[in-house]
>>> print(open('model.cif').read())   # mmCIF, C-alpha atoms
data_data
loop_
_atom_site.label_atom_id
_atom_site.label_comp_id
_atom_site.auth_asym_id
_atom_site.auth_seq_id
_atom_site.Cartn_x
_atom_site.Cartn_y
_atom_site.Cartn_z
CA MET Y 1 -23.98 -7.37 -20.83
CA GLY Y 2 -23.78 -4.41 -18.51
CA LEU Y 3 -21.73 -4.01 -15.39
CA LYS Y 4 -24.59 -4.93 -13.05
CA GLU Y 5 -25.13 -8.29 -14.75
CA ASN Y 6 -21.40 -8.97 -15.05
CA LEU Y 7 -20.82 -8.45 -11.33
CA HIS Y 8 -23.08 -11.43 -10.74
CA SER Y 9 -22.24 -13.59 -13.74
CA GLU Y 10 -18.46 -13.19 -13.94
CA SER Y 11 -16.12 -14.85 -11.50
CA VAL Y 12 -13.38 -13.39 -9.32
CA SER Y 13 -10.81 -14.87 -11.73
CA ARG Y 14 -11.78 -12.06 -14.17
CA LEU Y 15 -10.66 -9.36 -11.74
CA PRO Y 16 -7.22 -7.83 -12.20
CA CYS Y 17 -5.10 -9.31 -9.45
CA ARG Y 18 -1.55 -9.05 -8.18
CA GLU Y 19 0.69 -11.98 -7.47
CA ALA Y 20 0.34 -12.57 -3.74
CA ILE Y 21 3.40 -12.19 -1.53
CA LEU Y 22 3.44 -15.38 0.49
CA MET Y 23 5.47 -15.76 3.65
CA PRO Y 24 5.63 -18.14 6.62
CA PRO Y 25 4.53 -16.84 10.02
CA GLU Y 26 8.12 -16.87 11.36
CA THR Y 27 9.15 -14.10 8.95
CA SER Y 28 10.30 -11.05 10.90
CA VAL Y 29 8.40 -7.79 10.59
CA ARG Y 30 11.54 -6.14 9.21
CA GLN Y 31 11.95 -8.80 6.53
CA ALA Y 32 8.27 -8.47 5.67
CA ALA Y 33 8.62 -4.67 5.36
CA GLU Y 34 11.59 -5.09 3.03
CA ILE Y 35 9.68 -7.51 0.81
CA LEU Y 36 6.53 -5.38 0.74
CA GLN Y 37 8.61 -2.33 -0.11
CA SER Y 38 10.49 -4.06 -2.93
CA LYS Y 39 7.26 -5.48 -4.43
CA LYS Y 40 5.36 -2.20 -3.92
CA LEU Y 41 2.45 -3.97 -2.30
CA GLY Y 42 0.83 -3.19 1.04
CA CYS Y 43 -0.15 -6.70 2.09
CA ALA Y 44 1.52 -10.08 2.51
CA VAL Y 45 -0.37 -13.33 2.83
CA VAL Y 46 0.93 -15.45 5.68
CA VAL Y 47 0.60 -19.13 4.82
CA ASP Y 48 1.02 -22.46 6.57
CA ALA Y 49 3.32 -25.24 5.41
CA GLU Y 50 0.74 -26.32 2.81
CA GLY Y 51 0.47 -22.87 1.29
CA LYS Y 52 -2.94 -22.18 2.79
CA PRO Y 53 -3.51 -18.64 4.09
CA ILE Y 54 -3.67 -18.21 7.85
CA GLY Y 55 -3.82 -14.42 7.84
CA VAL Y 56 -2.45 -11.23 6.32
CA PHE Y 57 0.19 -8.75 7.40
CA THR Y 58 -0.40 -5.23 6.13
CA GLU Y 59 1.28 -1.85 6.10
CA ARG Y 60 -1.35 -0.74 8.63
CA THR Y 61 -0.07 -3.26 11.17
CA LEU Y 62 3.46 -2.16 10.36
CA ILE Y 63 2.58 1.43 11.36
CA ALA Y 64 1.20 0.24 14.69
CA LEU Y 65 4.41 -1.71 15.36
CA LEU Y 66 6.60 1.25 14.39
CA LEU Y 67 4.81 3.27 17.05
CA GLN Y 68 4.86 0.56 19.72
CA ARG Y 69 8.05 -1.48 19.23
CA PRO Y 70 10.33 0.23 16.72
CA ASP Y 71 13.54 -1.20 18.17
CA ASN Y 72 13.03 -4.88 17.57
CA LEU Y 73 11.20 -5.27 14.29
CA ASP Y 74 13.73 -7.90 13.24
CA GLN Y 75 12.77 -10.06 16.22
CA ILE Y 76 8.99 -9.88 15.93
CA PRO Y 77 7.43 -12.62 13.77
CA VAL Y 78 4.60 -11.47 11.49
CA GLY Y 79 2.59 -14.49 12.67
CA GLU Y 80 2.07 -12.72 15.99
CA HIS Y 81 0.64 -9.62 14.33
CA LEU Y 82 -1.83 -10.72 11.72
CA GLU Y 83 -4.81 -8.53 10.87
CA THR Y 84 -7.76 -9.48 13.03
CA GLU Y 85 -10.10 -9.30 10.05
CA TRP Y 86 -9.06 -10.54 6.64
CA PHE Y 87 -10.84 -11.90 3.62
CA CYS Y 88 -10.53 -14.80 1.20
CA VAL Y 89 -12.62 -15.54 -1.88
CA ARG Y 90 -12.58 -18.48 -4.27
CA ASP Y 91 -11.54 -17.67 -7.82
CA THR Y 92 -14.90 -19.15 -8.89
CA ASP Y 93 -17.00 -16.86 -6.66
CA PRO Y 94 -18.98 -14.09 -8.39
CA ILE Y 95 -17.40 -10.63 -8.37
CA SER Y 96 -20.39 -9.35 -6.39
CA VAL Y 97 -18.86 -11.13 -3.37
CA VAL Y 98 -15.84 -8.83 -3.62
CA VAL Y 99 -18.12 -5.78 -3.97
CA ASP Y 100 -19.94 -6.74 -0.78
CA LEU Y 101 -16.71 -7.31 1.15
CA ILE Y 102 -15.42 -3.89 0.17
CA ARG Y 103 -18.66 -2.01 0.74
CA LYS Y 104 -19.91 -3.73 3.88
CA ARG Y 105 -16.70 -4.88 5.58
CA GLY Y 106 -14.26 -2.24 4.36
CA ALA Y 107 -11.95 -4.85 2.82
CA ARG Y 108 -8.95 -3.36 1.07
CA PHE Y 109 -7.05 -6.54 0.21
CA ILE Y 110 -8.79 -9.79 -0.60
CA CYS Y 111 -6.91 -13.03 -0.97
CA GLU Y 112 -7.91 -15.15 -3.95
CA VAL Y 113 -7.68 -18.90 -3.38
CA ASP Y 114 -8.10 -21.90 -5.68
CA GLU Y 115 -10.29 -24.95 -5.16
CA ALA Y 116 -7.69 -26.46 -2.84
CA GLY Y 117 -7.64 -23.33 -0.70
CA LYS Y 118 -4.16 -22.24 -1.78
CA ALA Y 119 -3.49 -18.52 -2.22
CA ILE Y 120 -3.18 -17.66 -5.91
CA GLY Y 121 -3.42 -13.89 -5.94
CA LEU Y 122 -4.42 -10.69 -4.26
CA THR Y 123 -7.24 -8.45 -5.40
CA GLY Y 124 -9.43 -5.88 -3.71
CA GLN Y 125 -10.31 -2.23 -4.07
CA LYS Y 126 -7.78 -1.58 -6.81
CA GLY Y 127 -8.64 -4.69 -8.82
CA LEU Y 128 -12.35 -3.94 -8.66
CA SER Y 129 -11.77 -0.30 -9.67
CA GLU Y 130 -9.80 -1.42 -12.72
CA TYR Y 131 -12.49 -3.94 -13.63
CA ILE Y 132 -15.21 -1.27 -13.50
CA ALA Y 133 -13.07 1.22 -15.45
CA ASP Y 134 -12.59 -1.35 -18.22
CA HIS Y 135 -16.38 -1.37 -18.74
CA PHE Y 136 -16.49 2.36 -19.43
CA PRO Y 137 -13.46 3.33 -21.52
CA GLU Y 138 -15.27 6.31 -23.10
CA GLN Y 139 -15.96 7.85 -19.71
CA VAL Y 140 -12.77 6.87 -17.85
CA MET Y 141 -9.82 6.35 -20.16
CA VAL Y 142 -10.18 9.74 -21.83
CA GLN Y 143 -9.96 11.79 -18.64
CA ARG Y 144 -7.15 14.25 -18.21
CA VAL Y 145 -5.98 13.55 -14.70
CA GLY Y 146 -3.44 15.79 -13.08
CA GLY Y 147 -3.17 18.80 -10.87
CA GLN Y 148 -4.35 21.62 -13.06
CA LEU Y 149 -7.70 22.96 -14.11
CA GLY Y 150 -8.39 22.81 -17.85
CA MET Y 151 -7.83 26.52 -18.40
CA GLU Y 152 -6.30 28.69 -15.73
CA THR Y 153 -6.74 31.90 -17.67
CA ARG Y 154 -9.34 32.88 -20.16
CA GLU Y 155 -8.45 32.41 -23.78
CA GLY Y 156 -8.44 35.33 -26.18
CA ALA Y 157 -8.48 39.03 -25.58
CA MET B 158 -38.45 45.43 -42.42
CA ALA B 159 -39.30 43.20 -45.30
CA GLN B 160 -35.67 42.12 -45.47
CA LEU B 161 -35.68 41.20 -41.75
CA GLU B 162 -38.83 39.12 -42.16
CA HIS B 163 -37.15 37.38 -45.07
CA HIS B 164 -34.17 36.47 -42.84
CA LEU B 165 -36.42 35.29 -40.04
CA GLU B 166 -38.21 32.98 -42.41
CA GLU B 167 -34.88 31.46 -43.38
CA PHE B 168 -33.61 31.15 -39.80
CA VAL B 169 -33.16 27.63 -38.60
CA ASP B 170 -32.20 27.01 -35.00
CA PRO B 171 -28.89 25.10 -35.22
CA LEU B 172 -29.80 23.18 -32.07
CA SER B 173 -33.33 22.33 -33.19
CA ASN B 174 -32.41 18.73 -33.92
CA TYR B 175 -30.02 18.42 -30.97
CA GLU B 176 -30.73 15.41 -28.88
CA PRO B 177 -28.85 14.87 -25.65
CA ARG B 178 -26.79 11.72 -25.56
CA GLU B 179 -28.60 8.67 -24.37
CA TYR B 180 -26.77 6.20 -22.18
CA GLY B 181 -27.44 2.52 -22.08
CA ASP B 182 -26.28 2.20 -18.51
CA ALA B 183 -26.88 4.23 -15.33
CA ILE B 184 -23.20 3.96 -14.38
CA GLN B 185 -22.06 5.19 -17.78
CA GLU B 186 -24.37 8.18 -17.44
CA ALA B 187 -23.20 8.92 -13.90
CA LEU B 188 -19.51 8.82 -14.88
CA ALA B 189 -20.10 11.19 -17.80
CA GLU B 190 -22.80 13.55 -16.58
CA GLU B 191 -22.22 13.82 -12.83
CA THR B 192 -19.26 15.54 -11.24
CA VAL B 193 -16.73 14.59 -8.60
CA ALA B 194 -18.75 16.75 -6.16
CA ALA B 195 -21.36 13.95 -6.12
CA ILE B 196 -18.81 11.53 -4.66
CA ARG B 197 -18.43 11.58 -0.89
CA SER B 198 -15.05 13.09 -0.07
CA ARG B 199 -15.43 13.74 3.66
CA PRO B 200 -14.45 13.16 6.34
CA TYR B 201 -10.75 13.51 5.66
CA ALA B 202 -7.72 14.09 7.86
CA GLU B 203 -5.07 16.73 7.38
CA ILE B 204 -1.74 17.65 8.90
CA ALA B 205 0.64 20.60 8.62
CA PRO B 206 3.87 20.01 6.66
CA ASP B 207 6.09 20.85 9.64
CA ASN B 208 4.55 18.20 11.91
CA THR B 209 6.91 15.35 12.65
CA VAL B 210 6.80 12.01 10.90
CA PHE B 211 6.12 10.42 14.29
CA SER B 212 3.04 12.57 14.86
CA ALA B 213 1.85 11.77 11.34
CA LEU B 214 2.11 8.05 12.13
CA GLN B 215 0.20 8.65 15.35
CA ALA B 216 -2.51 10.43 13.36
CA LEU B 217 -2.78 7.60 10.82
CA ALA B 218 -3.04 4.99 13.56
CA GLY B 219 -5.18 7.02 15.97
CA LEU B 220 -7.69 8.17 13.39
CA LYS B 221 -7.68 4.77 11.64
CA VAL B 222 -7.18 6.41 8.25
CA ALA B 223 -4.90 5.43 5.40
CA SER B 224 -3.98 8.93 4.26
CA LEU B 225 -3.42 12.46 5.51
CA LEU B 226 -3.66 15.54 3.34
CA VAL B 227 -0.69 17.78 4.00
CA VAL B 228 -2.07 21.30 4.01
CA ASP B 229 -0.20 24.56 4.42
CA ASN B 230 -2.31 27.70 4.93
CA GLY B 231 -5.29 26.11 3.23
CA ARG B 232 -3.25 24.90 0.26
CA LEU B 233 -2.61 21.27 -0.47
CA VAL B 234 1.13 20.59 -0.62
CA GLY B 235 1.14 16.80 -0.50
CA VAL B 236 -0.35 13.59 0.81
CA PHE B 237 1.09 11.21 3.36
CA THR B 238 -0.22 7.66 3.10
CA GLU B 239 0.39 4.20 4.50
CA ARG B 240 2.34 3.51 1.31
CA ASP B 241 4.66 6.46 2.03
CA VAL B 242 5.34 4.93 5.43
CA LEU B 243 6.28 1.64 3.80
CA GLU B 244 8.44 3.24 1.12
CA ARG B 245 10.15 6.08 2.99
CA VAL B 246 9.83 5.56 6.72
CA ALA B 247 9.63 1.94 7.84
CA LEU B 248 13.20 0.87 7.16
CA ARG B 249 14.80 4.09 8.50
CA PHE B 250 12.35 4.97 11.22
CA HIS B 251 14.86 6.31 13.78
CA GLU B 252 16.49 8.48 11.16
CA VAL B 253 13.28 10.20 10.03
CA LYS B 254 10.81 10.01 12.93
CA ASP B 255 11.60 13.51 14.18
CA ARG B 256 11.89 15.05 10.72
CA PRO B 257 9.02 17.10 9.25
CA VAL B 258 6.47 15.05 7.37
CA CYS B 259 6.96 17.19 4.24
CA GLU B 260 10.31 15.42 3.74
CA VAL B 261 8.67 12.02 3.28
CA MET B 262 5.23 12.89 1.90
CA THR B 263 4.21 12.54 -1.73
CA ALA B 264 4.53 16.10 -3.00
CA ASN B 265 2.45 17.45 -5.88
CA PRO B 266 -0.06 14.61 -5.78
CA VAL B 267 -2.53 13.91 -8.54
CA VAL B 268 -5.78 15.70 -7.69
CA VAL B 269 -9.25 16.00 -9.12
CA PHE B 270 -11.45 19.06 -9.05
CA GLU B 271 -14.99 18.83 -7.74
CA SER B 272 -16.17 20.17 -11.09
CA ASP B 273 -14.47 17.33 -13.03
CA PRO B 274 -16.65 14.53 -14.41
CA ALA B 275 -17.05 11.64 -11.98
CA GLY B 276 -15.17 9.54 -14.54
CA ALA B 277 -12.03 11.52 -13.67
CA ALA B 278 -12.15 10.16 -10.12
CA LEU B 279 -12.29 6.58 -11.36
CA SER B 280 -9.54 7.36 -13.86
CA ALA B 281 -7.22 8.71 -11.15
CA ILE B 282 -7.71 5.53 -9.14
CA ALA B 283 -7.97 2.80 -11.77
CA VAL B 284 -5.81 4.18 -14.58
CA ALA B 285 -3.29 6.45 -12.85
CA GLY B 286 -3.15 4.06 -9.89
CA PHE B 287 -3.61 6.40 -6.91
CA ARG B 288 -5.63 5.15 -3.96
CA HIS B 289 -6.14 8.48 -2.24
CA VAL B 290 -6.97 11.38 -4.52
CA PRO B 291 -7.46 14.84 -3.01
CA VAL B 292 -10.43 16.84 -4.24
CA LEU B 293 -10.01 20.60 -4.75
CA ASP B 294 -12.44 23.36 -5.63
CA VAL B 295 -11.86 25.82 -8.46
CA HIS B 296 -9.91 28.06 -6.08
CA TYR B 297 -7.55 25.15 -5.28
CA ALA B 298 -8.91 24.91 -1.73
CA VAL B 299 -9.11 21.41 -0.24
CA VAL B 300 -12.57 19.85 -0.36
CA GLY B 301 -11.75 16.30 0.69
CA VAL B 302 -10.31 13.06 -0.53
CA ILE B 303 -11.75 10.21 -2.57
CA SER B 304 -10.85 6.56 -2.34
CA PRO B 305 -11.83 3.43 -4.26
CA ARG B 306 -14.39 2.66 -1.57
CA ARG B 307 -16.04 6.05 -1.90
CA VAL B 308 -16.16 5.81 -5.69
CA LEU B 309 -17.66 2.34 -5.39
CA GLU B 310 -20.27 3.69 -2.97
CA PHE B 311 -21.17 6.39 -5.53
CA LEU B 312 -21.48 3.83 -8.32
CA GLN B 313 -23.47 1.35 -6.27
CA GLN B 314 -26.06 4.01 -5.45
CA ARG B 315 -26.59 4.41 -9.21
CA LEU B 316 -26.79 0.66 -9.76
CA ALA B 317 -29.54 0.20 -7.19
#
>>> encode(input="model.cif", output="structure tokens")
Amino acid sequence: MGLKENLHSESVSRLPCREAILMPPETSVRQAAEILQSKKLGCAVVVDAEGKPIGVFTERTLIALLLQRPDNLDQIPVGEHLETEWFCVRDTDPISVVVDLIRKRGARFICEVDEAGKAIGLTGQKGLSEYIADHFPEQVMVQRVGGQLGMETREGA
Amino acid sequence: MAQLEHHLEEFVDPLSNYEPREYGDAIQEALAEETVAAIRSRPYAEIAPDNTVFSALQALAGLKVASLLVVDNGRLVGVFTERDVLERVALRFHEVKDRPVCEVMTANPVVVFESDPAGAALSAIAVAGFRHVPVLDVHYAVVGVISPRRVLEFLQQRLA
């Protein structure tokens, strides 16, 4: 089937996803920054005692805090600075739900949860891009991506 | 003259049986046949390389953007993104906040040219793994920047 059909028939569990960084709300902003940096991921999922997401802390919020309160990042809990808008999808939802969240709501990170509501992964713009690229290997995987034009000078005499 | 007529009779256009490739999918066709120029790459934000890291952070937050193109005399010299803040600024903020942004930017970023196939944009994002890819024209002047959201917008218009 083509991409259009698959977006509706395949579930979110088929999207490439990253292991979610889970942390309790008491985690300090500095600790969160260290973890995000070491895992090379721009978003942590803040969870309650049962592992259910209560919000996300992102590198965007970190920038705001660096500008406003750079001196006490190790005393500010991430739970006080969660993103005002964040998104969760069930792993059984169709991928079209993710497309809509990205296109209409500007979602970058989307938390994937299981039937019990526990966070099981993180997907979003990158995961969806990889999913689409996998459908078109002849048009995407063969591209020469870099910083140079194909030929800078004319060949031959 | 007779010899020329003889040759003309034998001439067969080598492209007479050429048939352009047919695509089974509108997205496949768009990725192969359209160029990066068809993908929205503006607006974008830029900053000079000698601006401070602090002012770059202010620009990211104030403009509500995730990346700045670092441009020197019309030439792209780097990009400065939220990820650069996390990796090179956040944990040593006081040490670098007054330094020029060129010291913490990503230099020599992967770029696409507006004349590249649209597939190259998706490749830079999905395969090479860059979220903000500057777009240049054939003279290496900055045209804009593409993101996964903009590529998705381009593809969705073809799906409709």
>>> interface_residues(input="model.cif", of="chain Y", to="chain B", cutoff="10 Å", atoms="all atoms listed in the file", output="PDB file with C-alpha atoms, in the coordinates of the input")
ATOM      1  CA  GLY Y   2     -23.780  -4.410 -18.510  1.00  0.00           C
ATOM      2  CA  LEU Y   3     -21.730  -4.010 -15.390  1.00  0.00           C
ATOM      3  CA  LYS Y   4     -24.590  -4.930 -13.050  1.00  0.00           C
ATOM      4  CA  ARG Y  30      11.540  -6.140   9.210  1.00  0.00           C
ATOM      5  CA  GLN Y  31      11.950  -8.800   6.530  1.00  0.00           C
ATOM      6  CA  ALA Y  33       8.620  -4.670   5.360  1.00  0.00           C
ATOM      7  CA  GLU Y  34      11.590  -5.090   3.030  1.00  0.00           C
ATOM      8  CA  LEU Y  36       6.530  -5.380   0.740  1.00  0.00           C
ATOM      9  CA  GLN Y  37       8.610  -2.330  -0.110  1.00  0.00           C
ATOM     10  CA  SER Y  38      10.490  -4.060  -2.930  1.00  0.00           C
ATOM     11  CA  LYS Y  40       5.360  -2.200  -3.920  1.00  0.00           C
ATOM     12  CA  LEU Y  41       2.450  -3.970  -2.300  1.00  0.00           C
ATOM     13  CA  GLY Y  42       0.830  -3.190   1.040  1.00  0.00           C
ATOM     14  CA  THR Y  58      -0.400  -5.230   6.130  1.00  0.00           C
ATOM     15  CA  GLU Y  59       1.280  -1.850   6.100  1.00  0.00           C
ATOM     16  CA  ARG Y  60      -1.350  -0.740   8.630  1.00  0.00           C
ATOM     17  CA  THR Y  61      -0.070  -3.260  11.170  1.00  0.00           C
ATOM     18  CA  LEU Y  62       3.460  -2.160  10.360  1.00  0.00           C
ATOM     19  CA  ILE Y  63       2.580   1.430  11.360  1.00  0.00           C
ATOM     20  CA  ALA Y  64       1.200   0.240  14.690  1.00  0.00           C
ATOM     21  CA  LEU Y  65       4.410  -1.710  15.360  1.00  0.00           C
ATOM     22  CA  LEU Y  66       6.600   1.250  14.390  1.00  0.00           C
ATOM     23  CA  LEU Y  67       4.810   3.270  17.050  1.00  0.00           C
ATOM     24  CA  PRO Y  70      10.330   0.230  16.720  1.00  0.00           C
ATOM     25  CA  ASP Y  71      13.540  -1.200  18.170  1.00  0.00           C
ATOM     26  CA  LEU Y  73      11.200  -5.270  14.290  1.00  0.00           C
ATOM     27  CA  VAL Y  99     -18.120  -5.780  -3.970  1.00  0.00           C
ATOM     28  CA  ILE Y 102     -15.420  -3.890   0.170  1.00  0.00           C
ATOM     29  CA  ARG Y 103     -18.660  -2.010   0.740  1.00  0.00           C
ATOM     30  CA  GLY Y 106     -14.260  -2.240   4.360  1.00  0.00           C
ATOM     31  CA  ALA Y 107     -11.950  -4.850   2.820  1.00  0.00           C
ATOM     32  CA  ARG Y 108      -8.950  -3.360   1.070  1.00  0.00           C
ATOM     33  CA  GLY Y 124      -9.430  -5.880  -3.710  1.00  0.00           C
ATOM     34  CA  GLN Y 125     -10.310  -2.230  -4.070  1.00  0.00           C
ATOM     35  CA  LYS Y 126      -7.780  -1.580  -6.810  1.00  0.00           C
ATOM     36  CA  GLY Y 127      -8.640  -4.690  -8.820  1.00  0.00           C
ATOM     37  CA  LEU Y 128     -12.350  -3.940  -8.660  1.00  0.00           C
ATOM     38  CA  SER Y 129     -11.770  -0.300  -9.670  1.00  0.00           C
ATOM     39  CA  GLU Y 130      -9.800  -1.420 -12.720  1.00  0.00           C
ATOM     40  CA  TYR Y 131     -12.490  -3.940 -13.630  1.00  0.00           C
ATOM     41  CA  ILE Y 132     -15.210  -1.270 -13.500  1.00  0.00           C
ATOM     42  CA  ALA Y 133     -13.070   1.220 -15.450  1.00  0.00           C
ATOM     43  CA  ASP Y 134     -12.590  -1.350 -18.220  1.00  0.00           C
ATOM     44  CA  HIS Y 135     -16.380  -1.370 -18.740  1.00  0.00           C
ATOM     45  CA  PHE Y 136     -16.490   2.360 -19.430  1.00  0.00           C
ATOM     46  CA  PRO Y 137     -13.460   3.330 -21.520  1.00  0.00           C
ATOM     47  CA  GLU Y 138     -15.270   6.310 -23.100  1.00  0.00           C
ATOM     48  CA  GLN Y 139     -15.960   7.850 -19.710  1.00  0.00           C
ATOM     49  CA  VAL Y 140     -12.770   6.870 -17.850  1.00  0.00           C
ATOM     50  CA  MET Y 141      -9.820   6.350 -20.160  1.00  0.00           C
ATOM     51  CA  VAL Y 142     -10.180   9.740 -21.830  1.00  0.00           C
ATOM     52  CA  GLN Y 143      -9.960  11.790 -18.640  1.00  0.00           C
ATOM     53  CA  ARG Y 144      -7.150  14.250 -18.210  1.00  0.00           C
ATOM     54  CA  VAL Y 145      -5.980  13.550 -14.700  1.00  0.00           C
ATOM     55  CA  GLY Y 146      -3.440  15.790 -13.080  1.00  0.00           C
ATOM     56  CA  GLY Y 147      -3.170  18.800 -10.870  1.00  0.00           C
ATOM     57  CA  GLN Y 148      -4.350  21.620 -13.060  1.00  0.00           C
ATOM     58  CA  LEU Y 149      -7.700  22.960 -14.110  1.00  0.00           C
ATOM     59  CA  GLY Y 150      -8.390  22.810 -17.850  1.00  0.00           C
ATOM     60  CA  GLU Y 152      -6.300  28.690 -15.730  1.00  0.00           C
TER      61      GLU Y 152
END
>>> residues_near_point(input="model.cif", point="(4.8, 13.6, -1.3)", cutoff="8 Å", atoms="only C-alpha atoms", output="PyMOL selection string")
chain B and resi 234-237+241+259-266
>>> residues_around(input="model.cif", residues="Asp93 (chain Y)", least_positions_apart="5", cutoff="9 Å", atoms="only C-alpha atoms", output="MDAnalysis selection string")
chainID Y and resid 10:13 98
>>> resolve_selection(input="model.cif", expression="the PyMOL selection byres ((chain Y and resi 92) around 12)", output="list in words")
His8, Ser9, Glu10, Ser11, Val12, Ser13, Arg14, Leu15, Cys88, Val89, Arg90, Asp91, Asp93, Pro94, Ile95, Ser96, Val97, Val98, Glu112, Val113, Asp114, Glu115, Ala116 and Gly117 of chain Y
>>> write_last_selection(input="model.cif", atoms="C-alpha atoms", output="PDB file, in the coordinates of the input")
ATOM      1  CA  HIS Y   8     -23.080 -11.430 -10.740  1.00  0.00           C
ATOM      2  CA  SER Y   9     -22.240 -13.590 -13.740  1.00  0.00           C
ATOM      3  CA  GLU Y  10     -18.460 -13.190 -13.940  1.00  0.00           C
ATOM      4  CA  SER Y  11     -16.120 -14.850 -11.500  1.00  0.00           C
ATOM      5  CA  VAL Y  12     -13.380 -13.390  -9.320  1.00  0.00           C
ATOM      6  CA  SER Y  13     -10.810 -14.870 -11.730  1.00  0.00           C
ATOM      7  CA  ARG Y  14     -11.780 -12.060 -14.170  1.00  0.00           C
ATOM      8  CA  LEU Y  15     -10.660  -9.360 -11.740  1.00  0.00           C
ATOM      9  CA  CYS Y  88     -10.530 -14.800   1.200  1.00  0.00           C
ATOM     10  CA  VAL Y  89     -12.620 -15.540  -1.880  1.00  0.00           C
ATOM     11  CA  ARG Y  90     -12.580 -18.480  -4.270  1.00  0.00           C
ATOM     12  CA  ASP Y  91     -11.540 -17.670  -7.820  1.00  0.00           C
ATOM     13  CA  ASP Y  93     -17.000 -16.860  -6.660  1.00  0.00           C
ATOM     14  CA  PRO Y  94     -18.980 -14.090  -8.390  1.00  0.00           C
ATOM     15  CA  ILE Y  95     -17.400 -10.630  -8.370  1.00  0.00           C
ATOM     16  CA  SER Y  96     -20.390  -9.350  -6.390  1.00  0.00           C
ATOM     17  CA  VAL Y  97     -18.860 -11.130  -3.370  1.00  0.00           C
ATOM     18  CA  VAL Y  98     -15.840  -8.830  -3.620  1.00  0.00           C
ATOM     19  CA  GLU Y 112      -7.910 -15.150  -3.950  1.00  0.00           C
ATOM     20  CA  VAL Y 113      -7.680 -18.900  -3.380  1.00  0.00           C
ATOM     21  CA  ASP Y 114      -8.100 -21.900  -5.680  1.00  0.00           C
ATOM     22  CA  GLU Y 115     -10.290 -24.950  -5.160  1.00  0.00           C
ATOM     23  CA  ALA Y 116      -7.690 -26.460  -2.840  1.00  0.00           C
ATOM     24  CA  GLY Y 117      -7.640 -23.330  -0.700  1.00  0.00           C
TER      25      GLY Y 117
END
>>> residues_around(input="model.cif", residues="Asn208 (chain B)", least_positions_apart="5", cutoff="8 Å", atoms="only C-alpha atoms", output="ChimeraX atom specification")
/B:213,257-258
>>> atom_distance(input="model.cif", atom1="CA of Arg18 (chain Y)", atom2="CA of Leu226 (chain B)")
27.2 Å
>>> axis_aligned_box(input="model.cif", around="region 255-258 of chain B", padding_each_side="4 Å", output="lines of an AutoDock Vina configuration file")
center_x = 9.2
center_y = 15.3
center_z = 10.8
size_x = 13.4
size_y = 11.6
size_z = 14.8
>>> atom_distance(input="model.cif", atom1="CA of Ile21 (chain Y)", atom2="CA of Lys104 (chain Y)")
25.4 Å
>>> resolve_selection(input="model.cif", expression="the PyMOL selection byres ((chain Y and resi 121) around 8)", output="PDB file with C-alpha atoms, in the frame of the given file")
ATOM      1  CA  CYS Y  17      -5.100  -9.310  -9.450  1.00  0.00           C
ATOM      2  CA  ARG Y  18      -1.550  -9.050  -8.180  1.00  0.00           C
ATOM      3  CA  GLU Y  19       0.690 -11.980  -7.470  1.00  0.00           C
ATOM      4  CA  ALA Y  20       0.340 -12.570  -3.740  1.00  0.00           C
ATOM      5  CA  CYS Y 111      -6.910 -13.030  -0.970  1.00  0.00           C
ATOM      6  CA  GLU Y 112      -7.910 -15.150  -3.950  1.00  0.00           C
ATOM      7  CA  VAL Y 113      -7.680 -18.900  -3.380  1.00  0.00           C
ATOM      8  CA  ALA Y 119      -3.490 -18.520  -2.220  1.00  0.00           C
ATOM      9  CA  ILE Y 120      -3.180 -17.660  -5.910  1.00  0.00           C
ATOM     10  CA  LEU Y 122      -4.420 -10.690  -4.260  1.00  0.00           C
ATOM     11  CA  THR Y 123      -7.240  -8.450  -5.400  1.00  0.00           C
TER      12      THR Y 123
END
>>> atom_distance(input="model.cif", atom1="CA of Phe109 (chain Y)", atom2="CA of Ala44 (chain Y)")
9.6 Å
>>> resolve_selection(input="model.cif", expression="the PyMOL selection byres ((chain Y and resi 23) around 8)", output="compact mmCIF listing (two decimals) with C-alpha atoms, in the frame of the given file")
# COMPACT_ATOMS: atom_id res chain seq x y z
CA ILE Y 21 3.40 -12.19 -1.53
CA LEU Y 22 3.44 -15.38 0.49
CA PRO Y 24 5.63 -18.14 6.62
CA PRO Y 25 4.53 -16.84 10.02
CA THR Y 27 9.15 -14.10 8.95
CA ALA Y 44 1.52 -10.08 2.51
CA VAL Y 45 -0.37 -13.33 2.83
CA VAL Y 46 0.93 -15.45 5.68
CA VAL Y 47 0.60 -19.13 4.82
>>> decode(input="model.cif", residues="region 1-13 of chain Y", atoms="C-alpha atoms", output="PDB file, in the first residue's frame")
ATOM      1  CA  MET Y   1       0.000   0.000   0.000  1.00  0.00           C
ATOM      2  CA  GLY Y   2       1.060   3.582  -0.495  1.00  0.00           C
ATOM      3  CA  LEU Y   3       2.030   6.120   2.101  1.00  0.00           C
ATOM      4  CA  LYS Y   4      -1.405   7.748   2.207  1.00  0.00           C
ATOM      5  CA  GLU Y   5      -3.122   4.463   3.066  1.00  0.00           C
ATOM      6  CA  ASN Y   6      -0.415   3.442   5.527  1.00  0.00           C
ATOM      7  CA  LEU Y   7      -0.721   6.680   7.494  1.00  0.00           C
ATOM      8  CA  HIS Y   8      -4.273   5.639   8.313  1.00  0.00           C
ATOM      9  CA  SER Y   9      -3.889   1.878   8.564  1.00  0.00           C
ATOM     10  CA  GLU Y  10      -0.587   1.562  10.442  1.00  0.00           C
ATOM     11  CA  SER Y  11      -0.278   2.310  14.114  1.00  0.00           C
ATOM     12  CA  VAL Y  12       2.074   4.643  15.978  1.00  0.00           C
ATOM     13  CA  SER Y  13       4.034   1.576  17.131  1.00  0.00           C
TER      14      SER Y  13
END
